[in-house]
Amino acid sequence: MSSADLGGRDFGPVAPNPDEPMFHAEWEKRVLGMVVALGAAGQWNLDQSRSARESLPEDQYVSIPYYHIWLEAVEALMRDRGMITDDEMDKGHACVPPVPVARTLSAADVPAALAKGGPVDRPATSEPVFAVGARVRTMAILPGTHTRLPRYAADKVGEITAVHGHHVFPDSNAVGAGEAPTWLYKVAFVARDLFADGHPDDRVSLDLWEPYLSDV
Amino acid sequence: MPHDHSHMTEIEARVRALESLLTEKGYIDPAAVDAIVQTYETEIGPRNGAHVVAKAWTDADYADWLARDATAAIHSLGYMSRQGEHMAACFNTAETHHLVVCTLCSCYPWSVLGLPPTWYKSPPYRARAVRDPRGVLAEFGVTLPEGTGVEVHDSTAEMRYLVIPQRPPGTDGWTEDALMDLVTRDSMIGTGLAVSPEAAG
């Protein structure tokens, strides 16, 4: 069960602060930079990274600063892969040799690495099952592992409004079972079909992969 | 800021120790960390998105391209970087106001808006934007005209959404550069509107 699936719940007012700085402390900058830089090591993929963040205990996930969530998750990912050990964290220096990594990002390579990003579209190997205008129902039971179908949109009927492309399937990629690319759709729901108190004029759209959907 | 440990918070010390360990093990180069931070502090921010919006307001062909293929239209202006690989533009109209959220994490179009503000990543916004978008908009001081529907986009996949706010009245003949100053970050998330010429002074 994901600690990150917050849609439809209530955590009080938003309280935006228009004068908020980009970073609140130096450590936030370093966490952002380290997490982005560590992507070059090739030890985990995007979905494994998300899965690690949402696997934190819920009371912790909803109460600590966002870059602290990143810190906890990236440490967990590195411990799981033997890149760092608890002993090393305690002592503050290396105790075991590093594991081989794909690459150490250099400062000179930063512009190219950021520009390249990580596209997730993959060549199509099938035709999309659903066309724009089709009515679809989302799956009712969420898997216990990483998924990108929020609970509030489970077992609901919506309409396909776009076929985005053939994209990596997070549910598979997050558990190391391969990218298993499949069709990604935009699905629009009438707000009242998701929430009893939804406004009659409103809609909520989600981007959902073909395995989440079935004919109505 | 003093950098001796006695003045550091626990997390500051922990992050510093981690960076030192990762550097020692050869997993990261601190100069690359510096370069990443500096890029987001100085180069990649909401001015990129404001450029896209102002161009769409002044160039009908560009607006059409943006509507059909936002990824290519945005990349053509040089805004091509991580968390902007797959883009979609949502044009606000009198009928529909678009609002972007990521209920599952904090997906945000970094390439055109920079790093997300804290409220965008925090539980209150992520929880309520889908269920009570009008209540959330009110907290941002936005009240929609009667008859305008809200479409909330929950960024559940790798598509990143840029809202194209409505061009404020009274800006006929304005240049792209002048229009950019009316385009706020929040107006491109959907929690705000473009600034009126009167309010912009």
# chains A, B, ... in the order shown; residues from 1 in each chain; ligands from 1
>>> interface_residues(of="chain B", to="chain A", cutoff="7 Å", atoms="only C-alpha atoms", output="JSON, numbers by chain")
{"B": [12, 15, 17, 21, 24, 25, 26, 27, 28, 29, 31, 32, 33, 34, 35, 36, 37, 80, 81, 82, 83, 85, 103, 104, 105, 119, 121, 123, 124, 125, 126, 127, 128, 130, 131, 149, 150, 151, 152, 153, 154, 155, 156, 157]}
>>> residues_around(residues="stretch 133-145 of chain A", least_positions_apart="4", cutoff="7 Å", atoms="only C-alpha atoms", output="compact mmCIF listing (two decimals) with N, CA and C atoms, in the first residue's frame")
# COMPACT_ATOMS: atom_id res chain seq x y z
N MET A 1 0.86 -1.20 0.00
CA MET A 1 0.00 0.00 0.00
C MET A 1 0.88 1.24 0.00
N ALA A 154 -10.13 4.11 -8.64
CA ALA A 154 -10.28 2.67 -8.85
C ALA A 154 -11.75 2.30 -9.04
N ASP A 155 -12.03 1.39 -9.95
CA ASP A 155 -13.39 0.90 -10.22
C ASP A 155 -14.34 2.05 -10.59
N LYS A 156 -13.88 2.93 -11.47
CA LYS A 156 -14.70 4.06 -11.93
C LYS A 156 -14.78 4.02 -13.46
N VAL A 157 -15.84 4.64 -13.98
CA VAL A 157 -16.03 4.67 -15.43
C VAL A 157 -15.70 6.07 -15.95
N GLY A 158 -14.88 6.10 -16.99
CA GLY A 158 -14.50 7.36 -17.62
C GLY A 158 -14.44 7.20 -19.13
N GLU A 159 -13.97 8.27 -19.78
CA GLU A 159 -13.93 8.28 -21.24
C GLU A 159 -12.52 8.57 -21.72
N ILE A 160 -12.08 7.82 -22.72
CA ILE A 160 -10.76 8.06 -23.32
C ILE A 160 -10.82 9.39 -24.07
N THR A 161 -9.92 10.32 -23.73
CA THR A 161 -9.90 11.61 -24.42
C THR A 161 -8.63 11.82 -25.24
N TYR A 212 -4.78 -1.10 -16.82
CA TYR A 212 -5.68 -0.64 -15.76
C TYR A 212 -7.14 -0.61 -16.23
N LEU A 213 -7.35 -0.73 -17.55
CA LEU A 213 -8.67 -0.40 -18.12
C LEU A 213 -9.35 -1.61 -18.72
N SER A 214 -10.69 -1.61 -18.67
CA SER A 214 -11.44 -2.65 -19.37
C SER A 214 -12.69 -2.02 -19.99
N ASP A 215 -13.30 -2.75 -20.92
CA ASP A 215 -14.55 -2.28 -21.54
C ASP A 215 -15.62 -2.14 -20.48
N VAL A 216 -16.50 -1.19 -20.70
CA VAL A 216 -17.63 -1.02 -19.78
C VAL A 216 -18.71 -2.03 -20.15
>>> residues_around(residues="stretch 172-178 of chain B", least_positions_apart="6", cutoff="7 Å", atoms="only C-alpha atoms", output="list in words")
Ala54, Lys55 and Thr58 of chain B
>>> residues_around(residues="B:Ala89", least_positions_apart="6", cutoff="10 Å", atoms="only C-alpha atoms", output="number ranges by chain")
B: 52-53, 63, 66-71, 73-74, 98, 160-164, 188
>>> select_by_dssp(residues="stretch 33-170 of chain B", states="helix (DSSP H, G or I)", output="short mmCIF file (atom, residue, chain, number, x, y, z; two decimals) with all heavy atoms, in the first residue's frame")
data_model
loop_
_atom_site.label_atom_id
_atom_site.label_comp_id
_atom_site.auth_asym_id
_atom_site.auth_seq_id
_atom_site.Cartn_x
_atom_site.Cartn_y
_atom_site.Cartn_z
N VAL B 33 26.98 18.03 -8.55
CA VAL B 33 25.86 18.41 -7.67
C VAL B 33 25.71 19.94 -7.69
O VAL B 33 24.60 20.46 -7.85
CB VAL B 33 26.08 17.89 -6.23
CG1 VAL B 33 25.00 18.40 -5.29
CG2 VAL B 33 26.14 16.36 -6.23
N ASP B 34 26.83 20.64 -7.58
CA ASP B 34 26.80 22.12 -7.66
C ASP B 34 26.16 22.57 -8.98
O ASP B 34 25.34 23.49 -9.00
CB ASP B 34 28.22 22.70 -7.61
CG ASP B 34 28.91 22.50 -6.28
OD1 ASP B 34 28.21 22.28 -5.28
OD2 ASP B 34 30.15 22.59 -6.26
N ALA B 35 26.60 21.94 -10.07
CA ALA B 35 26.13 22.37 -11.40
C ALA B 35 24.63 22.13 -11.56
O ALA B 35 23.92 22.95 -12.17
CB ALA B 35 26.91 21.64 -12.48
N ILE B 36 24.15 21.03 -11.00
CA ILE B 36 22.70 20.73 -11.09
C ILE B 36 21.91 21.79 -10.31
O ILE B 36 20.94 22.35 -10.81
CB ILE B 36 22.42 19.31 -10.55
CG1 ILE B 36 23.00 18.26 -11.51
CG2 ILE B 36 20.92 19.09 -10.34
CD1 ILE B 36 23.15 16.87 -10.91
N VAL B 37 22.35 22.06 -9.09
CA VAL B 37 21.65 23.04 -8.26
C VAL B 37 21.66 24.40 -8.95
O VAL B 37 20.63 25.08 -9.06
CB VAL B 37 22.31 23.14 -6.87
CG1 VAL B 37 21.73 24.31 -6.08
CG2 VAL B 37 22.14 21.83 -6.10
N GLN B 38 22.81 24.77 -9.47
CA GLN B 38 22.94 26.08 -10.11
C GLN B 38 22.04 26.20 -11.34
O GLN B 38 21.47 27.26 -11.60
CB GLN B 38 24.40 26.32 -10.49
CG GLN B 38 24.65 27.77 -10.79
CD GLN B 38 26.08 28.03 -11.26
OE1 GLN B 38 26.87 27.11 -11.45
NE2 GLN B 38 26.39 29.29 -11.43
N THR B 39 21.92 25.11 -12.07
CA THR B 39 21.06 25.13 -13.26
C THR B 39 19.62 25.46 -12.88
O THR B 39 18.96 26.29 -13.52
CB THR B 39 21.11 23.77 -13.98
OG1 THR B 39 22.46 23.50 -14.35
CG2 THR B 39 20.24 23.78 -15.23
N TYR B 40 19.14 24.82 -11.80
CA TYR B 40 17.75 25.07 -11.40
C TYR B 40 17.60 26.41 -10.69
O TYR B 40 16.52 27.00 -10.69
CB TYR B 40 17.20 23.90 -10.58
CG TYR B 40 16.93 22.73 -11.50
CD1 TYR B 40 17.77 21.64 -11.55
CD2 TYR B 40 15.86 22.77 -12.39
CE1 TYR B 40 17.56 20.60 -12.44
CE2 TYR B 40 15.63 21.74 -13.29
CZ TYR B 40 16.48 20.66 -13.32
OH TYR B 40 16.26 19.64 -14.21
N GLU B 41 18.68 26.90 -10.08
CA GLU B 41 18.59 28.22 -9.44
C GLU B 41 18.61 29.35 -10.45
O GLU B 41 18.06 30.42 -10.21
CB GLU B 41 19.75 28.40 -8.44
CG GLU B 41 19.53 27.61 -7.16
CD GLU B 41 20.56 27.92 -6.09
OE1 GLU B 41 21.76 28.00 -6.42
OE2 GLU B 41 20.17 28.06 -4.92
N THR B 42 19.28 29.13 -11.58
CA THR B 42 19.51 30.28 -12.47
C THR B 42 18.98 30.12 -13.89
O THR B 42 18.79 31.11 -14.58
CB THR B 42 21.02 30.59 -12.58
OG1 THR B 42 21.67 29.44 -13.15
CG2 THR B 42 21.62 30.90 -11.23
N PRO B 46 10.19 29.42 -14.26
CA PRO B 46 8.91 29.77 -14.90
C PRO B 46 9.00 30.79 -16.03
O PRO B 46 8.04 30.96 -16.77
CB PRO B 46 8.06 30.31 -13.74
CG PRO B 46 8.92 30.36 -12.54
CD PRO B 46 10.21 29.68 -12.82
N ARG B 47 10.16 31.45 -16.18
CA ARG B 47 10.30 32.33 -17.35
C ARG B 47 10.23 31.51 -18.64
O ARG B 47 9.77 32.01 -19.66
CB ARG B 47 11.64 33.09 -17.31
CG ARG B 47 11.70 34.17 -16.25
CD ARG B 47 10.76 35.32 -16.49
NE ARG B 47 11.19 36.24 -17.54
CZ ARG B 47 10.49 37.30 -17.94
NH1 ARG B 47 9.31 37.56 -17.38
NH2 ARG B 47 10.93 38.06 -18.90
N ASN B 48 10.70 30.27 -18.58
CA ASN B 48 10.61 29.41 -19.78
C ASN B 48 9.15 29.22 -20.17
O ASN B 48 8.77 29.39 -21.33
CB ASN B 48 11.23 28.03 -19.49
CG ASN B 48 12.73 28.09 -19.21
OD1 ASN B 48 13.31 29.17 -19.14
ND2 ASN B 48 13.34 26.94 -19.05
N GLY B 49 8.35 28.86 -19.18
CA GLY B 49 6.92 28.64 -19.45
C GLY B 49 6.23 29.92 -19.90
O GLY B 49 5.39 29.91 -20.80
N ALA B 50 6.61 31.04 -19.28
CA ALA B 50 6.00 32.32 -19.65
C ALA B 50 6.30 32.66 -21.11
O ALA B 50 5.46 33.23 -21.81
CB ALA B 50 6.52 33.42 -18.72
N HIS B 51 7.48 32.28 -21.56
CA HIS B 51 7.84 32.50 -22.97
C HIS B 51 6.91 31.68 -23.88
O HIS B 51 6.39 32.19 -24.88
CB HIS B 51 9.30 32.11 -23.17
CG HIS B 51 9.81 32.32 -24.56
ND1 HIS B 51 10.97 31.72 -25.03
CD2 HIS B 51 9.32 33.06 -25.60
CE1 HIS B 51 11.16 32.08 -26.28
NE2 HIS B 51 10.19 32.88 -26.66
N VAL B 52 6.70 30.42 -23.50
CA VAL B 52 5.81 29.56 -24.29
C VAL B 52 4.40 30.18 -24.36
O VAL B 52 3.80 30.28 -25.44
CB VAL B 52 5.74 28.14 -23.68
CG1 VAL B 52 4.69 27.29 -24.39
CG2 VAL B 52 7.11 27.47 -23.71
N VAL B 53 3.91 30.63 -23.21
CA VAL B 53 2.56 31.18 -23.16
C VAL B 53 2.46 32.46 -24.00
O VAL B 53 1.53 32.63 -24.81
CB VAL B 53 2.15 31.47 -21.69
CG1 VAL B 53 0.83 32.24 -21.64
CG2 VAL B 53 2.02 30.16 -20.91
N ALA B 54 3.42 33.37 -23.81
CA ALA B 54 3.38 34.65 -24.53
C ALA B 54 3.48 34.42 -26.03
O ALA B 54 2.82 35.12 -26.83
CB ALA B 54 4.49 35.57 -24.04
N LYS B 55 4.26 33.45 -26.43
CA LYS B 55 4.37 33.15 -27.86
C LYS B 55 3.04 32.59 -28.39
O LYS B 55 2.60 32.95 -29.48
CB LYS B 55 5.52 32.16 -28.10
CG LYS B 55 5.86 31.98 -29.58
CD LYS B 55 7.20 31.30 -29.76
CE LYS B 55 7.53 31.11 -31.24
NZ LYS B 55 7.70 32.39 -31.97
N ALA B 56 2.42 31.75 -27.57
CA ALA B 56 1.12 31.18 -27.99
C ALA B 56 0.06 32.28 -28.11
O ALA B 56 -0.83 32.22 -28.96
CB ALA B 56 0.67 30.11 -27.00
N TRP B 57 0.17 33.30 -27.26
CA TRP B 57 -0.80 34.41 -27.30
C TRP B 57 -0.62 35.28 -28.54
O TRP B 57 -1.57 35.94 -28.98
CB TRP B 57 -0.63 35.30 -26.07
CG TRP B 57 -1.21 34.75 -24.80
CD1 TRP B 57 -2.06 33.69 -24.65
CD2 TRP B 57 -0.99 35.27 -23.47
NE1 TRP B 57 -2.36 33.50 -23.33
CE2 TRP B 57 -1.73 34.47 -22.59
CE3 TRP B 57 -0.24 36.31 -22.96
CZ2 TRP B 57 -1.75 34.69 -21.21
CZ3 TRP B 57 -0.25 36.54 -21.59
CH2 TRP B 57 -0.99 35.74 -20.72
N THR B 58 0.61 35.34 -29.06
CA THR B 58 0.90 36.30 -30.14
C THR B 58 1.09 35.64 -31.50
O THR B 58 1.20 36.34 -32.50
CB THR B 58 2.19 37.10 -29.82
OG1 THR B 58 3.24 36.17 -29.54
CG2 THR B 58 1.99 38.03 -28.64
N ALA B 60 -0.52 32.65 -33.74
CA ALA B 60 -1.60 31.65 -33.86
C ALA B 60 -1.08 30.30 -34.36
O ALA B 60 -1.56 29.24 -33.93
CB ALA B 60 -2.70 32.17 -34.79
N ASP B 61 -0.10 30.34 -35.26
CA ASP B 61 0.46 29.07 -35.77
C ASP B 61 1.16 28.31 -34.65
O ASP B 61 1.07 27.09 -34.54
CB ASP B 61 1.46 29.34 -36.91
CG ASP B 61 0.75 29.80 -38.18
OD1 ASP B 61 -0.47 29.55 -38.29
OD2 ASP B 61 1.42 30.42 -39.03
N TYR B 62 1.88 29.08 -33.82
CA TYR B 62 2.57 28.43 -32.69
C TYR B 62 1.55 27.85 -31.71
O TYR B 62 1.71 26.72 -31.23
CB TYR B 62 3.50 29.42 -31.97
CG TYR B 62 4.30 28.74 -30.88
CD1 TYR B 62 5.40 27.95 -31.18
CD2 TYR B 62 3.90 28.84 -29.54
CE1 TYR B 62 6.11 27.28 -30.19
CE2 TYR B 62 4.60 28.17 -28.54
CZ TYR B 62 5.70 27.40 -28.87
OH TYR B 62 6.39 26.73 -27.89
N ALA B 63 0.50 28.60 -31.43
CA ALA B 63 -0.54 28.12 -30.51
C ALA B 63 -1.16 26.82 -31.04
O ALA B 63 -1.42 25.88 -30.27
CB ALA B 63 -1.61 29.18 -30.33
N ASP B 64 -1.36 26.77 -32.34
CA ASP B 64 -1.93 25.58 -32.96
C ASP B 64 -0.99 24.38 -32.81
O ASP B 64 -1.40 23.26 -32.47
CB ASP B 64 -2.20 25.88 -34.44
CG ASP B 64 -2.87 24.73 -35.14
OD1 ASP B 64 -3.93 24.29 -34.65
OD2 ASP B 64 -2.31 24.23 -36.14
N TRP B 65 0.30 24.64 -33.03
CA TRP B 65 1.31 23.59 -32.88
C TRP B 65 1.36 23.11 -31.43
O TRP B 65 1.40 21.91 -31.15
CB TRP B 65 2.67 24.15 -33.33
CG TRP B 65 3.78 23.15 -33.42
CD1 TRP B 65 3.68 21.79 -33.50
CD2 TRP B 65 5.19 23.45 -33.46
NE1 TRP B 65 4.93 21.22 -33.57
CE2 TRP B 65 5.87 22.21 -33.55
CE3 TRP B 65 5.94 24.64 -33.42
CZ2 TRP B 65 7.27 22.13 -33.61
CZ3 TRP B 65 7.33 24.55 -33.48
CH2 TRP B 65 7.99 23.31 -33.57
N LEU B 66 1.33 24.07 -30.51
CA LEU B 66 1.36 23.75 -29.07
C LEU B 66 0.18 22.87 -28.68
O LEU B 66 0.31 21.95 -27.87
CB LEU B 66 1.35 25.07 -28.29
CG LEU B 66 1.60 25.04 -26.79
CD1 LEU B 66 2.98 24.48 -26.46
CD2 LEU B 66 1.45 26.45 -26.22
N ALA B 67 -0.97 23.16 -29.26
CA ALA B 67 -2.16 22.37 -28.95
C ALA B 67 -2.04 20.95 -29.51
O ALA B 67 -2.47 19.98 -28.88
CB ALA B 67 -3.41 23.06 -29.51
N ARG B 68 -1.44 20.83 -30.70
CA ARG B 68 -1.34 19.52 -31.36
C ARG B 68 -0.18 18.69 -30.84
O ARG B 68 -0.29 17.47 -30.69
CB ARG B 68 -1.19 19.70 -32.87
CG ARG B 68 -2.48 20.01 -33.59
CD ARG B 68 -2.27 20.09 -35.12
NE ARG B 68 -1.48 21.25 -35.49
CZ ARG B 68 -0.21 21.21 -35.90
NH1 ARG B 68 0.42 20.06 -36.01
NH2 ARG B 68 0.43 22.32 -36.22
N ALA B 70 2.61 19.56 -28.09
CA ALA B 70 3.25 20.47 -27.12
C ALA B 70 4.71 20.11 -26.93
O ALA B 70 5.55 21.00 -26.74
CB ALA B 70 2.51 20.42 -25.78
N THR B 71 5.05 18.83 -26.98
CA THR B 71 6.44 18.42 -26.76
C THR B 71 7.34 19.08 -27.80
O THR B 71 8.35 19.73 -27.47
CB THR B 71 6.56 16.88 -26.83
OG1 THR B 71 5.64 16.31 -25.90
CG2 THR B 71 7.96 16.42 -26.51
N ALA B 72 6.97 18.96 -29.08
CA ALA B 72 7.80 19.54 -30.15
C ALA B 72 7.78 21.06 -30.10
O ALA B 72 8.82 21.71 -30.27
CB ALA B 72 7.30 19.04 -31.51
N ALA B 73 6.62 21.64 -29.85
CA ALA B 73 6.51 23.10 -29.86
C ALA B 73 7.33 23.72 -28.72
O ALA B 73 7.96 24.76 -28.89
CB ALA B 73 5.04 23.52 -29.74
N ILE B 74 7.35 23.07 -27.57
CA ILE B 74 8.12 23.59 -26.43
C ILE B 74 9.62 23.32 -26.63
O ILE B 74 10.45 24.19 -26.39
CB ILE B 74 7.59 22.98 -25.11
CG1 ILE B 74 6.19 23.54 -24.82
CG2 ILE B 74 8.54 23.26 -23.95
CD1 ILE B 74 5.44 22.86 -23.70
N HIS B 75 9.94 22.14 -27.12
CA HIS B 75 11.36 21.83 -27.38
C HIS B 75 11.94 22.78 -28.42
O HIS B 75 13.13 23.12 -28.38
CB HIS B 75 11.52 20.38 -27.84
CG HIS B 75 11.31 19.38 -26.73
ND1 HIS B 75 11.50 18.03 -26.90
CD2 HIS B 75 10.92 19.54 -25.44
CE1 HIS B 75 11.25 17.40 -25.76
NE2 HIS B 75 10.88 18.30 -24.86
N TRP B 110 9.22 20.46 -14.91
CA TRP B 110 10.45 21.17 -14.53
C TRP B 110 11.02 22.00 -15.69
O TRP B 110 11.54 23.07 -15.48
CB TRP B 110 11.54 20.17 -14.11
CG TRP B 110 11.32 19.48 -12.80
CD1 TRP B 110 10.16 19.32 -12.11
CD2 TRP B 110 12.33 18.85 -12.01
NE1 TRP B 110 10.38 18.60 -10.96
CE2 TRP B 110 11.71 18.30 -10.88
CE3 TRP B 110 13.72 18.66 -12.17
CZ2 TRP B 110 12.41 17.59 -9.90
CZ3 TRP B 110 14.42 17.95 -11.20
CH2 TRP B 110 13.78 17.44 -10.07
N SER B 111 10.94 21.48 -16.90
CA SER B 111 11.62 22.14 -18.03
C SER B 111 11.05 23.53 -18.30
O SER B 111 11.75 24.40 -18.78
CB SER B 111 11.51 21.28 -19.29
OG SER B 111 10.15 21.13 -19.64
N VAL B 112 9.79 23.74 -17.99
CA VAL B 112 9.17 25.04 -18.26
C VAL B 112 8.82 25.82 -16.99
O VAL B 112 8.64 27.03 -17.05
CB VAL B 112 7.90 24.90 -19.14
CG1 VAL B 112 8.29 24.75 -20.60
CG2 VAL B 112 7.02 23.76 -18.69
N LEU B 113 8.73 25.15 -15.84
CA LEU B 113 8.37 25.87 -14.61
C LEU B 113 9.45 25.80 -13.53
O LEU B 113 9.33 26.43 -12.49
CB LEU B 113 7.05 25.33 -14.03
CG LEU B 113 5.80 25.50 -14.90
CD1 LEU B 113 4.56 25.08 -14.11
CD2 LEU B 113 5.63 26.93 -15.40
N THR B 118 6.77 24.25 -2.52
CA THR B 118 6.48 23.29 -1.47
C THR B 118 5.00 22.91 -1.43
O THR B 118 4.65 21.75 -1.26
CB THR B 118 6.92 23.85 -0.10
OG1 THR B 118 8.33 24.04 -0.15
CG2 THR B 118 6.59 22.89 1.03
N TRP B 119 4.12 23.90 -1.59
CA TRP B 119 2.69 23.56 -1.47
C TRP B 119 2.25 22.56 -2.53
O TRP B 119 1.36 21.74 -2.28
CB TRP B 119 1.81 24.82 -1.51
CG TRP B 119 1.92 25.69 -2.74
CD1 TRP B 119 2.61 26.85 -2.85
CD2 TRP B 119 1.30 25.48 -4.03
NE1 TRP B 119 2.47 27.37 -4.12
CE2 TRP B 119 1.69 26.55 -4.86
CE3 TRP B 119 0.47 24.48 -4.56
CZ2 TRP B 119 1.27 26.66 -6.19
CZ3 TRP B 119 0.06 24.58 -5.88
CH2 TRP B 119 0.45 25.66 -6.68
N TYR B 120 2.90 22.60 -3.69
CA TYR B 120 2.52 21.68 -4.77
C TYR B 120 2.86 20.23 -4.37
O TYR B 120 2.18 19.29 -4.78
CB TYR B 120 3.24 22.06 -6.06
CG TYR B 120 2.83 21.24 -7.26
CD1 TYR B 120 1.75 21.61 -8.06
CD2 TYR B 120 3.52 20.06 -7.59
CE1 TYR B 120 1.37 20.85 -9.15
CE2 TYR B 120 3.15 19.30 -8.68
CZ TYR B 120 2.08 19.69 -9.47
OH TYR B 120 1.70 18.92 -10.55
N LYS B 121 3.92 20.08 -3.57
CA LYS B 121 4.40 18.75 -3.19
C LYS B 121 3.79 18.26 -1.89
O LYS B 121 4.04 17.14 -1.47
CB LYS B 121 5.93 18.80 -3.01
CG LYS B 121 6.68 19.27 -4.24
CD LYS B 121 8.19 19.27 -4.02
CE LYS B 121 8.65 20.45 -3.19
NZ LYS B 121 10.13 20.55 -3.14
N PRO B 123 0.91 17.42 1.23
CA PRO B 123 -0.36 16.70 1.29
C PRO B 123 -1.62 17.54 1.09
O PRO B 123 -2.53 17.09 0.38
CB PRO B 123 -0.32 16.03 2.67
CG PRO B 123 1.14 15.78 2.90
CD PRO B 123 1.82 16.99 2.31
N PRO B 124 -1.75 18.76 1.66
CA PRO B 124 -3.04 19.45 1.50
C PRO B 124 -3.43 19.66 0.03
O PRO B 124 -4.57 19.38 -0.35
CB PRO B 124 -2.82 20.78 2.23
CG PRO B 124 -1.80 20.46 3.28
CD PRO B 124 -0.87 19.48 2.61
N TYR B 125 -2.51 20.15 -0.79
CA TYR B 125 -2.83 20.40 -2.20
C TYR B 125 -3.07 19.09 -2.94
O TYR B 125 -4.05 18.94 -3.68
CB TYR B 125 -1.71 21.20 -2.87
CG TYR B 125 -2.01 21.53 -4.32
CD1 TYR B 125 -2.94 22.51 -4.64
CD2 TYR B 125 -1.39 20.85 -5.36
CE1 TYR B 125 -3.24 22.82 -5.97
CE2 TYR B 125 -1.68 21.14 -6.69
CZ TYR B 125 -2.61 22.13 -6.99
OH TYR B 125 -2.91 22.41 -8.30
N ARG B 126 -2.19 18.13 -2.75
CA ARG B 126 -2.30 16.86 -3.47
C ARG B 126 -3.59 16.14 -3.12
O ARG B 126 -4.19 15.46 -3.95
CB ARG B 126 -1.08 15.98 -3.16
CG ARG B 126 0.20 16.52 -3.80
CD ARG B 126 1.43 15.83 -3.25
NE ARG B 126 1.32 14.37 -3.27
CZ ARG B 126 2.16 13.56 -2.67
NH1 ARG B 126 3.19 14.04 -2.00
NH2 ARG B 126 1.98 12.26 -2.74
N ALA B 127 -4.04 16.28 -1.88
CA ALA B 127 -5.25 15.58 -1.45
C ALA B 127 -6.51 16.25 -1.99
O ALA B 127 -7.43 15.58 -2.46
CB ALA B 127 -5.30 15.54 0.08
N ARG B 128 -6.53 17.59 -1.92
CA ARG B 128 -7.80 18.29 -2.18
C ARG B 128 -7.99 18.76 -3.60
O ARG B 128 -9.12 19.03 -4.01
CB ARG B 128 -7.93 19.47 -1.22
CG ARG B 128 -8.49 19.03 0.13
CD ARG B 128 -8.65 20.19 1.07
NE ARG B 128 -9.44 21.27 0.49
CZ ARG B 128 -9.10 22.56 0.53
NH1 ARG B 128 -7.97 22.92 1.11
NH2 ARG B 128 -9.88 23.46 0.01
N PRO B 133 -11.49 21.23 -6.18
CA PRO B 133 -10.62 22.20 -6.87
C PRO B 133 -11.08 23.64 -6.67
O PRO B 133 -10.24 24.55 -6.58
CB PRO B 133 -10.72 21.78 -8.34
CG PRO B 133 -11.96 20.96 -8.45
CD PRO B 133 -12.12 20.29 -7.11
N ARG B 134 -12.38 23.85 -6.55
CA ARG B 134 -12.85 25.23 -6.39
C ARG B 134 -12.50 25.78 -5.01
O ARG B 134 -12.21 26.98 -4.87
CB ARG B 134 -14.37 25.29 -6.65
CG ARG B 134 -14.70 25.08 -8.12
CD ARG B 134 -16.15 24.70 -8.35
NE ARG B 134 -16.36 24.30 -9.72
CZ ARG B 134 -16.74 25.14 -10.71
NH1 ARG B 134 -16.98 26.40 -10.45
NH2 ARG B 134 -16.90 24.68 -11.93
N GLY B 135 -12.53 24.91 -4.01
CA GLY B 135 -12.11 25.34 -2.68
C GLY B 135 -10.63 25.68 -2.66
O GLY B 135 -10.20 26.66 -2.04
N VAL B 136 -9.84 24.87 -3.36
CA VAL B 136 -8.40 25.14 -3.45
C VAL B 136 -8.16 26.44 -4.20
O VAL B 136 -7.36 27.29 -3.76
CB VAL B 136 -7.68 23.96 -4.15
CG1 VAL B 136 -6.24 24.33 -4.50
CG2 VAL B 136 -7.70 22.72 -3.26
N LEU B 137 -8.87 26.64 -5.31
CA LEU B 137 -8.70 27.89 -6.07
C LEU B 137 -9.03 29.10 -5.20
O LEU B 137 -8.33 30.12 -5.26
CB LEU B 137 -9.59 27.88 -7.31
CG LEU B 137 -9.13 26.97 -8.46
CD1 LEU B 137 -10.19 26.92 -9.57
CD2 LEU B 137 -7.80 27.45 -9.02
N ALA B 138 -10.07 28.98 -4.37
CA ALA B 138 -10.45 30.09 -3.50
C ALA B 138 -9.31 30.44 -2.55
O ALA B 138 -9.07 31.61 -2.24
CB ALA B 138 -11.72 29.75 -2.72
N GLU B 139 -8.59 29.42 -2.09
CA GLU B 139 -7.45 29.68 -1.20
C GLU B 139 -6.34 30.44 -1.91
O GLU B 139 -5.50 31.09 -1.28
CB GLU B 139 -6.91 28.38 -0.62
CG GLU B 139 -7.81 27.84 0.47
CD GLU B 139 -7.41 26.45 0.94
OE1 GLU B 139 -6.23 26.07 0.82
OE2 GLU B 139 -8.30 25.73 1.41
#
>>> atom_distance(atom1="atom CA of A:His166", atom2="atom CA of B:Cys107")
19.2 Å
>>> residues_around(residues="B:Gly190", least_positions_apart="4", cutoff="8 Å", atoms="only C-alpha atoms", output="ChimeraX atom specification")
/B:97-100,163,165,186
